[in-house]
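S.K.: So I've got this file, input_31.cif, and it contains mmCIF, N, CA and C atoms:
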data_protein
#
loop_
_atom_site.label_atom_id
_atom_site.label_comp_id
_atom_site.auth_asym_id
_atom_site.auth_seq_id
_atom_site.Cartn_x
_atom_site.Cartn_y
_atom_site.Cartn_z
N MET K 1 51.90 -21.96 -16.10
CA MET K 1 51.79 -22.07 -14.65
C MET K 1 50.43 -21.50 -14.23
N ARG K 2 49.85 -22.15 -13.21
CA ARG K 2 48.58 -21.68 -12.64
C ARG K 2 48.82 -21.21 -11.21
N LEU K 3 48.07 -20.19 -10.82
CA LEU K 3 48.20 -19.62 -9.49
C LEU K 3 46.84 -19.55 -8.81
N ARG K 4 46.88 -19.57 -7.48
CA ARG K 4 45.70 -19.32 -6.66
C ARG K 4 46.00 -18.10 -5.80
N VAL K 5 45.09 -17.14 -5.79
CA VAL K 5 45.23 -15.97 -4.93
C VAL K 5 44.09 -15.98 -3.90
N GLU K 6 44.45 -15.70 -2.67
CA GLU K 6 43.49 -15.55 -1.59
C GLU K 6 43.70 -14.15 -1.03
N PHE K 7 42.61 -13.39 -0.83
CA PHE K 7 42.80 -12.02 -0.36
C PHE K 7 41.63 -11.53 0.47
N THR K 8 41.92 -10.54 1.30
CA THR K 8 40.91 -9.79 2.04
C THR K 8 41.30 -8.32 1.98
N THR K 9 40.30 -7.46 2.07
CA THR K 9 40.55 -6.03 2.16
C THR K 9 39.94 -5.54 3.47
N GLU K 10 40.53 -4.52 4.03
CA GLU K 10 40.05 -3.96 5.29
C GLU K 10 39.97 -2.45 5.16
N PRO K 11 39.18 -1.77 5.95
CA PRO K 11 38.45 -2.24 7.11
C PRO K 11 37.17 -2.97 6.74
N PHE K 12 36.75 -3.86 7.64
CA PHE K 12 35.52 -4.62 7.46
C PHE K 12 34.32 -3.76 7.82
N ASP K 13 33.20 -4.05 7.21
CA ASP K 13 31.93 -3.43 7.57
C ASP K 13 30.90 -4.55 7.51
N LEU K 14 30.33 -4.90 8.64
CA LEU K 14 29.40 -6.03 8.69
C LEU K 14 28.01 -5.68 8.16
N ASP K 15 27.70 -4.39 8.04
CA ASP K 15 26.38 -3.98 7.56
C ASP K 15 26.28 -3.99 6.04
N GLU K 16 27.31 -3.53 5.36
CA GLU K 16 27.31 -3.55 3.90
C GLU K 16 28.74 -3.59 3.40
N ALA K 17 28.92 -4.11 2.20
CA ALA K 17 30.26 -4.23 1.63
C ALA K 17 30.83 -2.84 1.35
N PRO K 18 32.01 -2.54 1.89
CA PRO K 18 32.63 -1.25 1.61
C PRO K 18 33.06 -1.14 0.14
N ALA K 19 33.26 0.07 -0.32
CA ALA K 19 33.62 0.31 -1.72
C ALA K 19 34.88 -0.47 -2.11
N HIS K 20 35.87 -0.53 -1.24
CA HIS K 20 37.12 -1.22 -1.59
C HIS K 20 36.89 -2.72 -1.79
N ALA K 21 35.97 -3.30 -1.02
CA ALA K 21 35.66 -4.73 -1.18
C ALA K 21 34.91 -4.98 -2.48
N VAL K 22 34.00 -4.09 -2.81
CA VAL K 22 33.25 -4.22 -4.07
C VAL K 22 34.20 -4.12 -5.26
N VAL K 23 35.11 -3.16 -5.22
CA VAL K 23 36.08 -2.98 -6.30
C VAL K 23 36.93 -4.24 -6.46
N ALA K 24 37.44 -4.77 -5.35
CA ALA K 24 38.29 -5.96 -5.41
C ALA K 24 37.54 -7.14 -6.01
N ARG K 25 36.30 -7.32 -5.61
CA ARG K 25 35.50 -8.43 -6.13
C ARG K 25 35.22 -8.25 -7.61
N GLU K 26 34.93 -7.03 -8.03
CA GLU K 26 34.69 -6.77 -9.46
C GLU K 26 35.92 -7.09 -10.30
N ILE K 27 37.08 -6.80 -9.76
CA ILE K 27 38.31 -7.08 -10.50
C ILE K 27 38.49 -8.57 -10.71
N VAL K 28 38.35 -9.37 -9.66
CA VAL K 28 38.58 -10.81 -9.83
C VAL K 28 37.48 -11.48 -10.64
N THR K 29 36.25 -11.02 -10.49
CA THR K 29 35.19 -11.64 -11.28
C THR K 29 35.25 -11.24 -12.75
N GLY K 30 35.87 -10.11 -13.03
CA GLY K 30 35.98 -9.66 -14.42
C GLY K 30 37.29 -10.01 -15.09
N ALA K 31 38.16 -10.72 -14.41
CA ALA K 31 39.51 -10.97 -14.91
C ALA K 31 39.66 -12.29 -15.66
N GLU K 32 38.57 -12.95 -16.00
CA GLU K 32 38.63 -14.23 -16.70
C GLU K 32 39.47 -15.26 -15.95
N LEU K 33 39.28 -15.29 -14.62
CA LEU K 33 39.95 -16.29 -13.79
C LEU K 33 39.01 -17.45 -13.56
N ASP K 34 39.57 -18.57 -13.12
CA ASP K 34 38.80 -19.77 -12.86
C ASP K 34 38.48 -19.86 -11.37
N ALA K 35 37.44 -20.57 -11.03
CA ALA K 35 37.13 -20.92 -9.64
C ALA K 35 37.12 -19.71 -8.71
N VAL K 36 36.48 -18.63 -9.11
CA VAL K 36 36.39 -17.44 -8.27
C VAL K 36 35.36 -17.68 -7.18
N ASP K 37 35.75 -17.42 -5.93
CA ASP K 37 34.86 -17.57 -4.79
C ASP K 37 34.99 -16.31 -3.93
N VAL K 38 33.93 -15.52 -3.85
CA VAL K 38 33.96 -14.30 -3.04
C VAL K 38 33.08 -14.49 -1.82
N GLY K 39 33.54 -13.98 -0.70
CA GLY K 39 32.80 -14.09 0.54
C GLY K 39 33.01 -12.86 1.39
N PRO K 40 32.33 -12.78 2.53
CA PRO K 40 32.42 -11.58 3.36
C PRO K 40 33.77 -11.36 4.03
N PHE K 41 34.52 -12.43 4.26
CA PHE K 41 35.80 -12.29 4.97
C PHE K 41 36.99 -12.83 4.20
N GLY K 42 36.79 -13.34 3.01
CA GLY K 42 37.89 -13.85 2.22
C GLY K 42 37.44 -14.19 0.83
N ASN K 43 38.37 -14.11 -0.09
CA ASN K 43 38.08 -14.34 -1.50
C ASN K 43 39.21 -15.16 -2.10
N THR K 44 38.88 -16.04 -3.03
CA THR K 44 39.90 -16.81 -3.72
C THR K 44 39.60 -16.84 -5.21
N ALA K 45 40.65 -16.99 -5.98
CA ALA K 45 40.50 -17.15 -7.42
C ALA K 45 41.72 -17.90 -7.93
N GLU K 46 41.51 -18.64 -9.01
CA GLU K 46 42.59 -19.40 -9.63
C GLU K 46 42.61 -19.09 -11.11
N GLY K 47 43.79 -19.25 -11.70
CA GLY K 47 43.87 -19.07 -13.14
C GLY K 47 45.29 -19.05 -13.63
N ASP K 48 45.40 -18.73 -14.90
CA ASP K 48 46.69 -18.58 -15.56
C ASP K 48 47.52 -17.54 -14.81
N ALA K 49 48.81 -17.78 -14.66
CA ALA K 49 49.68 -16.91 -13.86
C ALA K 49 49.62 -15.46 -14.31
N ASP K 50 49.69 -15.21 -15.61
CA ASP K 50 49.67 -13.82 -16.08
C ASP K 50 48.36 -13.12 -15.73
N ARG K 51 47.25 -13.82 -15.87
CA ARG K 51 45.95 -13.22 -15.54
C ARG K 51 45.83 -12.96 -14.04
N VAL K 52 46.28 -13.91 -13.23
CA VAL K 52 46.22 -13.73 -11.78
C VAL K 52 47.09 -12.56 -11.35
N LEU K 53 48.31 -12.49 -11.87
CA LEU K 53 49.21 -11.40 -11.48
C LEU K 53 48.71 -10.04 -11.95
N ASP K 54 48.13 -9.98 -13.13
CA ASP K 54 47.53 -8.73 -13.59
C ASP K 54 46.37 -8.33 -12.69
N ALA K 55 45.54 -9.29 -12.32
CA ALA K 55 44.41 -9.01 -11.43
C ALA K 55 44.88 -8.55 -10.06
N VAL K 56 45.94 -9.16 -9.53
CA VAL K 56 46.47 -8.77 -8.22
C VAL K 56 46.97 -7.33 -8.26
N GLY K 57 47.67 -6.96 -9.31
CA GLY K 57 48.15 -5.58 -9.43
C GLY K 57 47.00 -4.59 -9.45
N ALA K 58 45.97 -4.88 -10.25
CA ALA K 58 44.80 -4.01 -10.33
C ALA K 58 44.06 -3.99 -9.00
N LEU K 59 43.93 -5.14 -8.38
CA LEU K 59 43.25 -5.25 -7.10
C LEU K 59 43.92 -4.37 -6.05
N LEU K 60 45.24 -4.42 -5.97
CA LEU K 60 45.96 -3.62 -4.99
C LEU K 60 45.77 -2.13 -5.26
N ARG K 61 46.02 -1.71 -6.48
CA ARG K 61 45.90 -0.28 -6.81
C ARG K 61 44.50 0.25 -6.57
N GLN K 62 43.52 -0.44 -7.13
CA GLN K 62 42.16 0.09 -7.10
C GLN K 62 41.47 -0.04 -5.75
N SER K 63 41.74 -1.10 -5.00
CA SER K 63 41.10 -1.21 -3.69
C SER K 63 41.70 -0.20 -2.71
N LEU K 64 43.00 0.06 -2.81
CA LEU K 64 43.60 1.10 -1.96
C LEU K 64 43.04 2.47 -2.32
N GLU K 65 42.88 2.74 -3.62
CA GLU K 65 42.30 4.00 -4.05
C GLU K 65 40.85 4.14 -3.59
N ALA K 66 40.15 3.01 -3.42
CA ALA K 66 38.75 3.03 -3.01
C ALA K 66 38.58 3.04 -1.49
N GLY K 67 39.68 3.14 -0.73
CA GLY K 67 39.57 3.29 0.71
C GLY K 67 40.09 2.16 1.56
N ALA K 68 40.61 1.10 0.97
CA ALA K 68 41.17 0.02 1.79
C ALA K 68 42.38 0.56 2.56
N THR K 69 42.48 0.18 3.81
CA THR K 69 43.64 0.56 4.62
C THR K 69 44.61 -0.61 4.77
N ARG K 70 44.14 -1.79 4.36
CA ARG K 70 44.99 -2.98 4.41
C ARG K 70 44.46 -3.99 3.41
N VAL K 71 45.38 -4.61 2.67
CA VAL K 71 45.03 -5.70 1.78
C VAL K 71 45.96 -6.86 2.13
N SER K 72 45.37 -7.97 2.53
CA SER K 72 46.15 -9.16 2.84
C SER K 72 45.96 -10.14 1.71
N LEU K 73 47.07 -10.67 1.20
CA LEU K 73 46.93 -11.65 0.13
C LEU K 73 48.01 -12.69 0.18
N GLN K 74 47.66 -13.81 -0.40
CA GLN K 74 48.58 -14.93 -0.51
C GLN K 74 48.44 -15.48 -1.91
N VAL K 75 49.56 -15.76 -2.53
CA VAL K 75 49.56 -16.33 -3.88
C VAL K 75 50.30 -17.65 -3.82
N ASN K 76 49.65 -18.71 -4.33
CA ASN K 76 50.25 -20.05 -4.35
C ASN K 76 50.31 -20.58 -5.77
N VAL K 77 51.36 -21.31 -6.06
CA VAL K 77 51.46 -22.03 -7.32
C VAL K 77 50.61 -23.28 -7.20
N ILE K 78 49.79 -23.53 -8.19
CA ILE K 78 48.98 -24.75 -8.23
C ILE K 78 49.78 -25.78 -9.01
N VAL K 79 50.14 -26.85 -8.31
CA VAL K 79 50.95 -27.89 -8.94
C VAL K 79 50.03 -28.95 -9.53
N ASP K 80 50.22 -29.23 -10.78
CA ASP K 80 49.47 -30.28 -11.47
C ASP K 80 50.07 -31.61 -11.05
N ASP K 81 49.26 -32.51 -10.50
CA ASP K 81 49.76 -33.81 -10.04
C ASP K 81 50.48 -34.56 -11.14
N ARG K 82 50.11 -34.31 -12.38
CA ARG K 82 50.77 -35.01 -13.49
C ARG K 82 52.19 -34.52 -13.71
N GLN K 83 52.51 -33.30 -13.20
CA GLN K 83 53.84 -32.73 -13.39
C GLN K 83 54.81 -33.16 -12.30
N GLY K 84 54.29 -33.59 -11.14
CA GLY K 84 55.15 -33.92 -10.02
C GLY K 84 55.65 -32.65 -9.39
N GLY K 85 56.61 -32.75 -8.49
CA GLY K 85 57.17 -31.57 -7.86
C GLY K 85 56.50 -31.28 -6.54
N ALA K 86 56.80 -30.10 -6.01
CA ALA K 86 56.29 -29.69 -4.71
C ALA K 86 54.79 -29.47 -4.76
N ALA K 87 54.14 -29.78 -3.67
CA ALA K 87 52.69 -29.60 -3.57
C ALA K 87 52.37 -28.20 -3.11
N ASP K 88 51.12 -27.78 -3.30
CA ASP K 88 50.70 -26.46 -2.84
C ASP K 88 50.36 -26.52 -1.36
N ASP K 89 49.62 -25.54 -0.84
CA ASP K 89 49.35 -25.43 0.58
C ASP K 89 48.47 -26.52 1.15
N GLU K 90 47.95 -27.39 0.32
CA GLU K 90 47.08 -28.47 0.81
C GLU K 90 47.88 -29.72 1.17
N GLY K 91 49.17 -29.66 1.04
CA GLY K 91 50.02 -30.79 1.41
C GLY K 91 51.40 -30.54 0.88
N ASP K 92 52.40 -30.96 1.62
CA ASP K 92 53.78 -30.73 1.20
C ASP K 92 54.42 -32.04 0.77
N ALA K 93 55.17 -31.97 -0.32
CA ALA K 93 55.94 -33.13 -0.74
C ALA K 93 57.26 -33.10 0.02
N THR K 94 57.69 -34.23 0.51
CA THR K 94 58.96 -34.27 1.23
C THR K 94 59.84 -35.34 0.66
#
Translate this file's structure into structure tokens.

M.R.:
Amino acid sequence: MRLRVEFTTEPFDLDEAPAHAVVAREIVTGAELDAVDVGPFGNTAEGDADRVLDAVGALLRQSLEAGATRVSLQVNVIVDDRQGGAADDEGDAT
């Protein structure tokens, strides 16, 4: 199974990336995930379910320890069109 995680850490600082944001980004970029995209207000990464879930656990622990007061995240199953079944957040199968 493949997963996509989208996350943000707070509080925001528009002048420079806070320590908690840097830690979170280092975790996802170092976790051997696919399609990592980091930005100032949101980050996404995709990969094998075990790797994504391990990264999410580390991200939560370490970003909170580094000063985050809030971590918002969403995890979606990436459905392979060849497998059929329910679609991810980009469209729903009915």

S.K.: So which residues get picked by the PyMOL selection byres (((chain K and resi 52 and name CA) around 12) and name CA) here, written as a PyMOL selection string?

M.R.: chain K and resi 1-6+27-36+44-51+53-59+74-78

S.K.: Quick check, in Å to one decimal: how far apart do atom CA of Val22 of chain K and atom C of Leu73 of chain K lie?

M.R.: 17.5 Å

S.K.: Run DSSP on the backbone and grab whatever in chain K lands in strand (DSSP E); send it over as an MDAnalysis selection string.

M.R.: chainID K and resid 2:10 34:38 43:48 70:78

S.K.: In Å to one decimal, how far is atom CA of Val79 of chain K from atom CA of Leu60 of chain K?

M.R.: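 Taking atom CA of Leu60 of chain K as the start and atom CA of Val79 of chain K as the end point, the length is 25.1 Å.
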
S.K.: With DSSP run on the backbone, what are the alpha helix (DSSP H) residues within chain K? I'd like them as a list in words.

M.R.: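 Selecting the alpha helix (DSSP H) positions of chain K gives Ala19, His20, Ala21, Val22, Val23, Ala24, Arg25, Glu26, Ile27, Val28, Thr29, Ala49, Asp50, Arg51, Val52, Leu53, Asp54, Ala55, Val56, Gly57, Ala58, Leu59, Leu60, Arg61, Gln62, Ser63, Leu64 and Glu65 of chain K.
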
S.K.: Could you work out how far atom CA of Glu16 of chain K lies from atom CA of Ser72 of chain K, giving the answer in Å with one decimal?

M.R.: 19.7 Å

S.K.: Using the file's own x, y and z axes, so that the box edges lie along x, y and z, what centre and edge lengths in Å (one decimal) does a box around every listed atom of segment 53-59 of chain K get when 5 Å is added on each side? Give it as AutoDock Vina command-line options.

M.R.:
--center_x 46.2 --center_y -8.2 --center_z -9.8 --size_x 16.0 --size_y 18.5 --size_z 17.5

S.K.: In terms of the shortest atom-to-atom distance over only N, CA and C atoms, which of K:Thr9, K:Asp15, K:Val23, K:Asn43 is closest to Thr69 of chain K?

M.R.: K:Thr9

S.K.: Counting all atoms listed in the file, figure out which residue out of K:Ala19, K:Asp13, K:Thr8, K:Ala68 gets nearest to Gly42 of chain K.

M.R.: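 Counting all atoms listed in the file, the residue closest to Gly42 of chain K is K:Thr8.
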